[in-house]
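Q: Contents are mmCIF, C-alpha atoms; file name my_file-v2.cif:
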data_input
loop_
_atom_site.label_atom_id
_atom_site.label_comp_id
_atom_site.auth_asym_id
_atom_site.auth_seq_id
_atom_site.Cartn_x
_atom_site.Cartn_y
_atom_site.Cartn_z
CA MET C 117 -14.45 15.93 14.00
CA LYS C 118 -11.04 17.26 13.05
CA PHE C 119 -9.23 15.56 10.19
CA GLY C 120 -5.54 15.89 9.36
CA ILE C 121 -4.43 15.06 5.82
CA VAL C 122 -0.74 14.20 5.56
CA VAL C 123 0.94 15.78 2.55
CA PHE C 124 4.04 14.11 1.09
CA PRO C 125 5.93 15.29 -1.97
CA GLY C 126 3.97 13.53 -4.69
CA SER C 127 0.63 13.30 -2.89
CA ASN C 128 -2.05 14.26 -5.39
CA CYS C 129 -5.39 13.46 -3.74
CA ASP C 130 -4.75 15.69 -0.73
CA ASP C 131 -6.74 18.62 -2.14
CA ASP C 132 -9.64 16.39 -3.23
CA THR C 133 -9.83 14.88 0.24
CA LEU C 134 -9.68 18.30 1.92
CA PHE C 135 -12.41 19.57 -0.41
CA VAL C 136 -14.77 16.70 0.41
CA LEU C 137 -14.23 17.01 4.14
CA GLN C 138 -14.46 20.81 4.29
CA LYS C 139 -16.85 21.80 1.52
CA VAL C 140 -19.03 18.73 1.10
CA LEU C 141 -19.18 17.35 4.63
CA ARG C 142 -18.54 20.62 6.53
CA GLN C 143 -15.87 19.20 8.78
CA GLU C 144 -12.73 20.74 10.19
CA ALA C 145 -9.80 19.53 8.13
CA ILE C 146 -6.17 20.61 7.87
CA PHE C 147 -3.07 19.63 5.92
CA LEU C 148 -0.19 18.12 7.87
CA TRP C 149 3.24 18.51 6.28
CA HIS C 150 5.15 15.23 6.37
CA LYS C 151 8.30 16.94 7.71
CA ASP C 152 6.55 18.35 10.78
CA HIS C 153 6.32 16.67 14.13
CA ASP C 154 2.89 17.88 15.13
CA LEU C 155 -0.44 16.25 14.40
CA GLY C 156 -2.32 19.41 15.34
CA ARG C 157 -4.70 17.65 17.76
CA VAL C 158 -6.65 15.96 15.00
CA ASP C 159 -9.14 13.16 15.69
CA CYS C 160 -8.39 11.28 12.50
CA VAL C 161 -5.26 11.11 10.36
CA LEU C 162 -5.74 10.62 6.62
CA LEU C 163 -2.96 9.39 4.35
CA PRO C 164 -4.13 10.46 0.89
CA GLY C 165 -3.67 8.96 -2.55
CA GLY C 166 -0.90 9.91 -4.90
CA PHE C 167 2.68 8.93 -5.58
CA SER C 168 4.67 9.89 -2.51
CA TYR C 169 8.32 10.26 -3.53
CA GLY C 170 7.35 9.22 -7.05
CA ASP C 171 6.82 5.63 -5.88
CA TYR C 172 10.63 5.32 -6.02
CA LEU C 173 11.98 2.05 -4.63
CA ARG C 174 8.46 0.73 -3.81
CA ALA C 175 5.14 2.52 -3.41
CA GLY C 176 5.09 4.03 0.09
CA ALA C 177 8.60 2.83 0.93
CA ILE C 178 10.23 6.25 1.34
CA ALA C 179 7.20 8.01 2.83
CA LYS C 180 7.29 5.69 5.82
CA PHE C 181 10.53 7.38 6.95
CA SER C 182 9.01 10.87 6.93
CA PRO C 183 9.35 12.53 10.35
CA LEU C 184 5.59 12.86 10.85
CA MET C 185 5.12 9.10 10.37
CA GLN C 186 6.71 8.57 13.79
CA GLU C 187 3.85 10.63 15.29
CA VAL C 188 1.28 8.84 13.15
CA GLY C 189 2.59 5.51 14.47
CA GLU C 190 2.29 6.70 18.07
CA PHE C 191 -1.16 8.16 17.34
CA ALA C 192 -2.30 4.77 16.01
CA GLU C 193 -0.69 3.08 19.02
CA ARG C 194 -2.89 5.24 21.28
CA GLY C 195 -5.97 4.12 19.34
CA GLY C 196 -6.25 7.16 17.07
CA LEU C 197 -8.17 6.69 13.82
CA VAL C 198 -5.99 6.41 10.71
CA LEU C 199 -7.34 6.02 7.18
CA GLY C 200 -4.98 5.27 4.30
CA ILE C 201 -6.34 5.66 0.79
CA CYS C 202 -4.49 4.12 -2.16
CA ASN C 203 -0.91 5.35 -1.72
CA GLY C 204 -1.86 5.92 1.93
CA PHE C 205 -2.73 2.21 2.18
CA GLN C 206 0.64 1.37 0.64
CA VAL C 207 2.37 3.56 3.23
CA LEU C 208 0.46 1.81 6.07
CA LEU C 209 1.65 -1.57 4.74
CA GLU C 210 5.25 -0.38 4.47
CA LEU C 211 5.03 1.04 7.99
CA GLY C 212 3.76 -2.31 9.25
CA LEU C 213 0.59 -0.75 10.71
CA LEU C 214 -1.29 -3.20 8.48
CA PRO C 215 -0.07 -6.67 7.43
CA GLY C 216 0.97 -7.63 3.90
CA ALA C 217 2.39 -5.82 0.88
CA MET C 218 1.38 -4.58 -2.56
CA LEU C 219 2.53 -6.10 -5.81
CA ARG C 220 2.11 -4.69 -9.31
CA ASN C 221 -1.40 -5.22 -10.75
CA LYS C 222 -1.69 -8.65 -12.34
CA SER C 223 -2.38 -7.04 -15.74
CA LEU C 224 0.78 -4.90 -15.38
CA LYS C 225 -1.44 -1.96 -16.29
CA PHE C 226 -2.26 1.17 -14.38
CA LEU C 227 -5.97 0.81 -13.57
CA CYS C 228 -8.24 3.84 -13.40
CA GLN C 229 -11.87 2.75 -13.28
CA HIS C 230 -14.91 2.32 -11.05
CA VAL C 231 -15.05 -0.95 -9.13
CA HIS C 232 -17.66 -2.61 -6.98
CA LEU C 233 -16.76 -3.23 -3.37
CA ARG C 234 -18.64 -5.40 -0.94
CA VAL C 235 -18.65 -4.24 2.67
CA GLU C 236 -17.48 -7.32 4.57
CA ASN C 237 -17.36 -5.71 7.98
CA ALA C 238 -19.86 -2.94 8.70
CA ALA C 239 -19.06 -2.81 12.41
CA THR C 240 -15.97 -0.59 12.14
CA ALA C 241 -15.40 3.12 12.74
CA PHE C 242 -14.96 3.45 8.97
CA THR C 243 -18.00 1.50 7.75
CA HIS C 244 -20.79 1.50 10.36
CA ARG C 245 -22.95 3.74 8.14
CA ALA C 246 -23.01 0.98 5.52
CA ARG C 247 -25.11 -2.17 5.60
CA PRO C 248 -23.27 -5.47 5.95
CA GLY C 249 -22.79 -6.79 2.42
CA GLN C 250 -23.65 -3.44 0.83
CA ILE C 251 -22.14 -2.96 -2.62
CA LEU C 252 -20.29 0.33 -3.07
CA ARG C 253 -19.21 1.79 -6.40
CA ILE C 254 -15.95 3.66 -5.94
CA PRO C 255 -13.08 4.36 -8.36
CA ILE C 256 -9.57 2.95 -8.18
CA ALA C 257 -6.46 4.51 -9.73
CA HIS C 258 -3.30 2.54 -9.10
CA PHE C 259 -0.44 0.52 -10.50
CA ASP C 260 0.41 -1.43 -7.36
CA GLY C 261 -2.81 -2.64 -5.77
CA ASN C 262 -2.33 -6.39 -6.00
CA TYR C 263 -2.56 -7.20 -2.31
CA TYR C 264 -0.32 -9.98 -1.05
CA ALA C 265 0.06 -11.54 2.37
CA PRO C 266 1.49 -14.91 3.38
CA ALA C 267 -1.12 -17.65 3.93
CA GLU C 268 -0.95 -17.45 7.74
CA ALA C 269 -1.48 -13.69 7.68
CA LEU C 270 -4.46 -14.10 5.34
CA SER C 271 -6.05 -16.67 7.66
CA GLU C 272 -5.56 -14.31 10.58
CA LEU C 273 -7.20 -11.46 8.65
CA GLU C 274 -10.18 -13.64 7.77
CA ALA C 275 -10.51 -15.07 11.28
CA GLY C 276 -10.39 -11.59 12.80
CA ASN C 277 -12.96 -10.21 10.37
CA GLN C 278 -10.31 -7.70 9.27
CA VAL C 279 -11.11 -7.83 5.57
CA VAL C 280 -13.39 -4.81 5.28
CA PHE C 281 -13.82 -4.52 1.50
CA ARG C 282 -13.66 -7.10 -1.28
CA TYR C 283 -13.68 -6.49 -5.04
CA VAL C 284 -16.90 -7.96 -6.45
CA ASP C 285 -18.96 -7.74 -9.63
CA GLU C 286 -22.17 -5.68 -9.81
CA ASN C 287 -24.07 -8.64 -8.32
CA GLY C 288 -21.78 -8.80 -5.33
CA GLU C 289 -19.92 -11.94 -6.40
CA THR C 290 -16.19 -12.27 -5.77
CA THR C 291 -15.32 -13.29 -9.33
CA GLU C 292 -11.83 -13.35 -10.77
CA ALA C 293 -12.81 -10.77 -13.38
CA ALA C 294 -13.99 -8.39 -10.65
CA ASN C 295 -10.66 -8.79 -8.88
CA VAL C 296 -9.09 -6.36 -11.34
CA ASN C 297 -5.66 -6.04 -9.73
CA GLY C 298 -5.25 -9.68 -8.70
CA SER C 299 -5.43 -9.17 -4.93
CA ALA C 300 -5.34 -12.15 -2.59
CA ALA C 301 -8.92 -13.12 -1.67
CA ASN C 302 -10.23 -10.09 -3.63
CA ILE C 303 -9.11 -7.85 -0.76
CA GLY C 304 -9.67 -4.15 -1.46
CA GLY C 305 -9.49 -2.86 2.09
CA LEU C 306 -8.50 -4.13 5.50
CA ILE C 307 -8.36 -3.02 9.11
CA ASN C 308 -5.93 -3.74 11.93
CA ALA C 309 -6.94 -6.08 14.75
CA ARG C 310 -7.64 -3.17 17.08
CA GLY C 311 -9.99 -1.58 14.55
CA ASN C 312 -8.50 1.93 14.36
CA VAL C 313 -6.33 1.73 11.22
CA LEU C 314 -7.92 1.07 7.83
CA GLY C 315 -6.32 0.91 4.40
CA MET C 316 -8.23 0.81 1.12
CA MET C 317 -7.17 1.05 -2.51
CA PRO C 318 -10.37 2.69 -3.88
CA HIS C 319 -10.78 6.44 -3.52
CA PRO C 320 -13.85 7.42 -1.44
CA GLU C 321 -13.01 11.12 -1.96
CA ARG C 322 -13.66 10.63 -5.68
CA ALA C 323 -17.13 9.24 -4.96
CA SER C 324 -18.57 11.79 -2.57
CA GLU C 325 -20.44 14.16 -4.87
CA ALA C 326 -23.32 13.42 -7.25
CA ILE C 327 -21.57 15.22 -10.11
CA LEU C 328 -18.77 12.64 -9.93
CA GLY C 329 -21.18 9.76 -10.47
CA SER C 330 -21.25 8.14 -7.05
CA LEU C 331 -21.93 9.12 -3.46
CA ASP C 332 -20.84 5.80 -1.98
CA GLY C 333 -17.49 7.11 -0.76
CA ARG C 334 -19.28 9.41 1.63
CA LEU C 335 -20.26 6.42 3.75
CA ILE C 336 -16.64 6.05 4.81
CA PHE C 337 -16.25 9.69 5.87
CA GLU C 338 -19.73 9.84 7.43
CA SER C 339 -18.97 6.71 9.43
CA LEU C 340 -15.87 8.42 10.85
CA ILE C 341 -17.74 11.64 11.56
CA LEU C 342 -20.53 9.83 13.42
CA TRP C 343 -18.25 7.41 15.25
CA ARG C 344 -18.86 7.68 18.99
CA MET P 235 34.33 -0.48 -1.07
CA LYS P 236 31.55 -1.17 -3.52
CA VAL P 237 28.82 -3.69 -2.96
CA ARG P 238 26.15 -4.97 -5.28
CA ILE P 239 22.80 -5.95 -3.75
CA LEU P 240 20.31 -8.00 -5.68
CA VAL P 241 16.68 -7.81 -4.54
CA SER P 242 14.11 -10.14 -6.07
CA PHE P 243 10.72 -11.61 -5.25
CA LYS P 244 10.54 -14.63 -2.99
CA GLU P 245 9.73 -17.89 -4.77
CA SER P 246 6.28 -17.89 -3.14
CA VAL P 247 5.42 -14.54 -4.72
CA LEU P 248 4.19 -14.37 -8.30
CA ASP P 249 6.30 -12.07 -10.47
CA PRO P 250 4.03 -10.86 -13.30
CA GLN P 251 6.80 -8.78 -14.88
CA GLY P 252 9.13 -11.79 -15.03
CA GLN P 253 6.28 -13.85 -16.52
CA THR P 254 5.69 -11.23 -19.20
CA VAL P 255 9.40 -11.16 -20.10
CA LYS P 256 9.40 -14.96 -20.28
CA ASN P 257 6.36 -14.92 -22.60
CA ALA P 258 8.03 -12.33 -24.82
CA LEU P 259 11.16 -14.49 -25.07
CA HIS P 260 9.02 -17.52 -25.96
CA THR P 261 7.33 -15.48 -28.68
CA LEU P 262 10.79 -14.75 -30.08
CA GLY P 263 11.50 -18.46 -30.28
CA TYR P 264 13.57 -18.97 -27.12
CA GLN P 265 11.41 -21.88 -26.01
CA PHE P 266 14.14 -23.28 -23.75
CA ILE P 267 13.68 -20.44 -21.27
CA LYS P 268 11.91 -22.10 -18.39
CA ASP P 269 11.44 -19.17 -16.04
CA VAL P 270 12.34 -15.50 -15.60
CA ARG P 271 12.40 -13.64 -12.33
CA GLN P 272 12.87 -9.89 -12.41
CA GLY P 273 14.62 -8.00 -9.63
CA LYS P 274 16.42 -4.82 -8.68
CA VAL P 275 20.13 -4.16 -8.44
CA PHE P 276 21.63 -1.60 -6.07
CA GLU P 277 25.27 -0.63 -6.29
CA VAL P 278 26.27 1.00 -3.06
CA GLU P 279 29.58 2.64 -2.31
CA LEU P 280 30.67 2.50 1.31
CA GLU P 281 33.24 4.73 2.92
CA GLY P 282 35.44 3.90 5.90
CA LEU P 283 33.84 0.53 6.62
CA SER P 284 35.66 -2.75 7.11
CA GLU P 285 34.43 -5.87 5.38
CA ALA P 286 33.17 -7.19 8.73
CA GLN P 287 31.19 -4.00 9.27
CA ALA P 288 29.75 -4.27 5.77
CA HIS P 289 28.54 -7.77 6.57
CA LYS P 290 26.58 -6.29 9.45
CA VAL P 291 25.34 -3.14 7.78
CA ILE P 292 24.28 -4.39 4.31
CA PRO P 293 21.67 -6.90 5.53
CA GLU P 294 20.45 -4.22 7.97
CA ILE P 295 19.86 -1.52 5.34
CA THR P 296 18.41 -4.05 2.91
CA ASP P 297 15.87 -5.35 5.42
CA LYS P 298 15.02 -1.85 6.56
CA VAL P 299 14.90 0.04 3.27
CA LEU P 300 15.97 -1.59 0.02
CA ALA P 301 13.76 -4.68 0.20
CA ASN P 302 10.36 -5.46 1.65
CA PRO P 303 10.99 -8.73 3.53
CA ILE P 304 7.33 -9.73 3.20
CA ILE P 305 7.66 -10.19 -0.56
CA GLU P 306 11.36 -9.89 -1.40
CA LYS P 307 14.65 -11.66 -0.73
CA PHE P 308 18.17 -10.45 -1.39
CA SER P 309 21.76 -11.49 -1.94
CA TRP P 310 24.83 -9.29 -2.10
CA GLN P 311 28.51 -9.26 -2.86
CA ILE P 312 31.48 -6.99 -2.38
CA LEU P 313 32.97 -5.73 -5.63
CA ALA P 314 36.68 -5.07 -6.00
CA ASP P 315 37.93 -3.61 -9.29
CA GLY P 316 34.91 -5.07 -10.98
CA GLU P 317 35.50 -8.50 -9.51
CA LYS P 318 33.59 -10.11 -6.72
CA VAL P 319 35.72 -11.05 -3.73
CA SER P 320 33.03 -12.10 -1.29
CA ARG P 321 29.56 -13.46 -1.47
CA ASN P 322 26.80 -13.84 1.05
#
Any chance you could give the structure as structure tokens?
A:
Amino acid sequence: MKFGIVVFPGSNCDDDTLFVLQKVLRQEAIFLWHKDHDLGRVDCVLLPGGFSYGDYLRAGAIAKFSPLMQEVGEFAERGGLVLGICNGFQVLLELGLLPGAMLRNKSLKFLCQHVHLRVENAATAFTHRARPGQILRIPIAHFDGNYYAPAEALSELEAGNQVVFRYVDENGETTEAANVNGSAANIGGLINARGNVLGMMPHPERASEAILGSLDGRLIFESLILWR
Amino acid sequence: MKVRILVSFKESVLDPQGQTVKNALHTLGYQFIKDVRQGKVFEVELEGLSEAQAHKVIPEITDKVLANPIIEKFSWQILADGEKVSRN
């Protein structure tokens, strides 16, 4: 599988993601410059973590106007796989490829810590290597990860089984304490109705090698690699 | 022509920064402060546009760029020599 990692000014997880895909998982992976107009025939587009355009205005708000985002939108429209991690998730929300928006964390603090995530939908291109209900331990690192969507949009997400990850405690319970950033319905990751665009705040690329303390992030990449 | 655009969270959206400012003011003894909402101000200078054109263009750029309509609302006014002459 060929992955393309979009690089914006201010992206800072692009190298980590490339490293995991190339060196750990032995996949073909390339960088895609945000000013280009060519997706390089990739099978999956990755929007990495970081602070595109310094998070000026709102996280992801300026990145959505990058020339390459036009192509990414068309790619998603054709059913291409798109994974947005952290800032990448924020960009997908600003683009409207996923519903809702991000608010500042409820604590008003930048959060950099491991969290537990429960896999709510293990029948997606991004999660089929996980068991339904499996608890993953993956780090977050963000200031604006407090997911918000109007009530109707939340009901639609729930009805369509589009909530893919929820913040839980180590026992898998959706407690308020486990919902570190204050997200609506403990949502940590969601997918579009068609099932080809996923956004998640935790960083699977930081949990793909034993030396980093968790291998759970690999499940996301391995799911993509083994997707039919 | 100069316009001032005020972007703030919709009433339905919790504003934790505004809440924190309110709590700080309460701590200082300003108990009468009932609520604080924090927002952003943009001062935009327009060139060669009529007032009618501004009324079309300002909501357009605010919806498209300056605000996220899912969580934010806005109001704006035209400034003339530091005074407001129009409000929307």
Q: For chain P versus chain C, which residues have an atom no more than 9 Å away, and what is each residue's nearest atom pair and distance in Å rounded to one decimal, using only C-alpha atoms, chain-then-number order, as a tab-separated table?
A:
residue	atom	partner	partner_atom	distance
P:Ser246	CA	C:Pro266	CA	8.6
P:Val247	CA	C:Tyr264	CA	8.2
P:Leu248	CA	C:Leu219	CA	8.8
P:Asp249	CA	C:Leu219	CA	8.5
P:Pro250	CA	C:Lys222	CA	6.2
P:Gln251	CA	C:Leu224	CA	7.2
P:Thr254	CA	C:Leu224	CA	8.9
P:Val299	CA	C:Ala177	CA	7.3
P:Leu300	CA	C:Leu173	CA	7.1
P:Ala301	CA	C:Leu173	CA	8.5
P:Asn302	CA	C:Glu210	CA	7.7
P:Ile304	CA	C:Ala217	CA	6.7
P:Ile305	CA	C:Ala217	CA	7.0
Q: Keeping only C-alpha atoms, write the selected residues to a file as a CSV table (one decimal), in the coordinates of the input.
A:
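out.csv, freshly written:
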chain,number,residue,atom,x,y,z
P,246,SER,CA,6.3,-17.9,-3.1
P,247,VAL,CA,5.4,-14.5,-4.7
P,248,LEU,CA,4.2,-14.4,-8.3
P,249,ASP,CA,6.3,-12.1,-10.5
P,250,PRO,CA,4.0,-10.9,-13.3
P,251,GLN,CA,6.8,-8.8,-14.9
P,254,THR,CA,5.7,-11.2,-19.2
P,299,VAL,CA,14.9,0.0,3.3
P,300,LEU,CA,16.0,-1.6,0.0
P,301,ALA,CA,13.8,-4.7,0.2
P,302,ASN,CA,10.4,-5.5,1.6
P,304,ILE,CA,7.3,-9.7,3.2
P,305,ILE,CA,7.7,-10.2,-0.6
Q: Just the residues within 9 Å of stretch 279-293 of chain P, please, counting only C-alpha atoms, with nothing from its chain fewer than 2 positions along; format it as a list of chain:residue names.
A: P:Met235, P:Lys236, P:Val237, P:Arg238, P:Ile239, P:Glu277, P:Ile295, P:Thr296, P:Asp297, P:Lys298, P:Phe308, P:Ser309, P:Trp310, P:Ile312, P:Asn322
Q: Quick check, in Å to one decimal: how far apart do atom CA of C:Thr243 and atom CA of C:Ser182 lie?
A: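 Distance reported for this atom pair: 28.6 Å.
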Q: Which polymer residues have any atom within 7 Å of an atom of C:Asp130, counting only C-alpha atoms, with same-chain residues fewer than 6 positions away left out, as a list in words?
A: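 Once the adjacent positions are removed, what remains is Ile121, Val123 and Pro164 of chain C.
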Q: Within 8 Å of stretch 304-321 of chain C, counting only C-alpha atoms, which residues qualify if same-chain residues fewer than 3 places away don't, as a ChimeraX atom specification?
A: /C:132-133,136,165,192,195-206,208,213-215,231,233,240-242,254-258,261,263,276,278-283,299,324,332-334,336
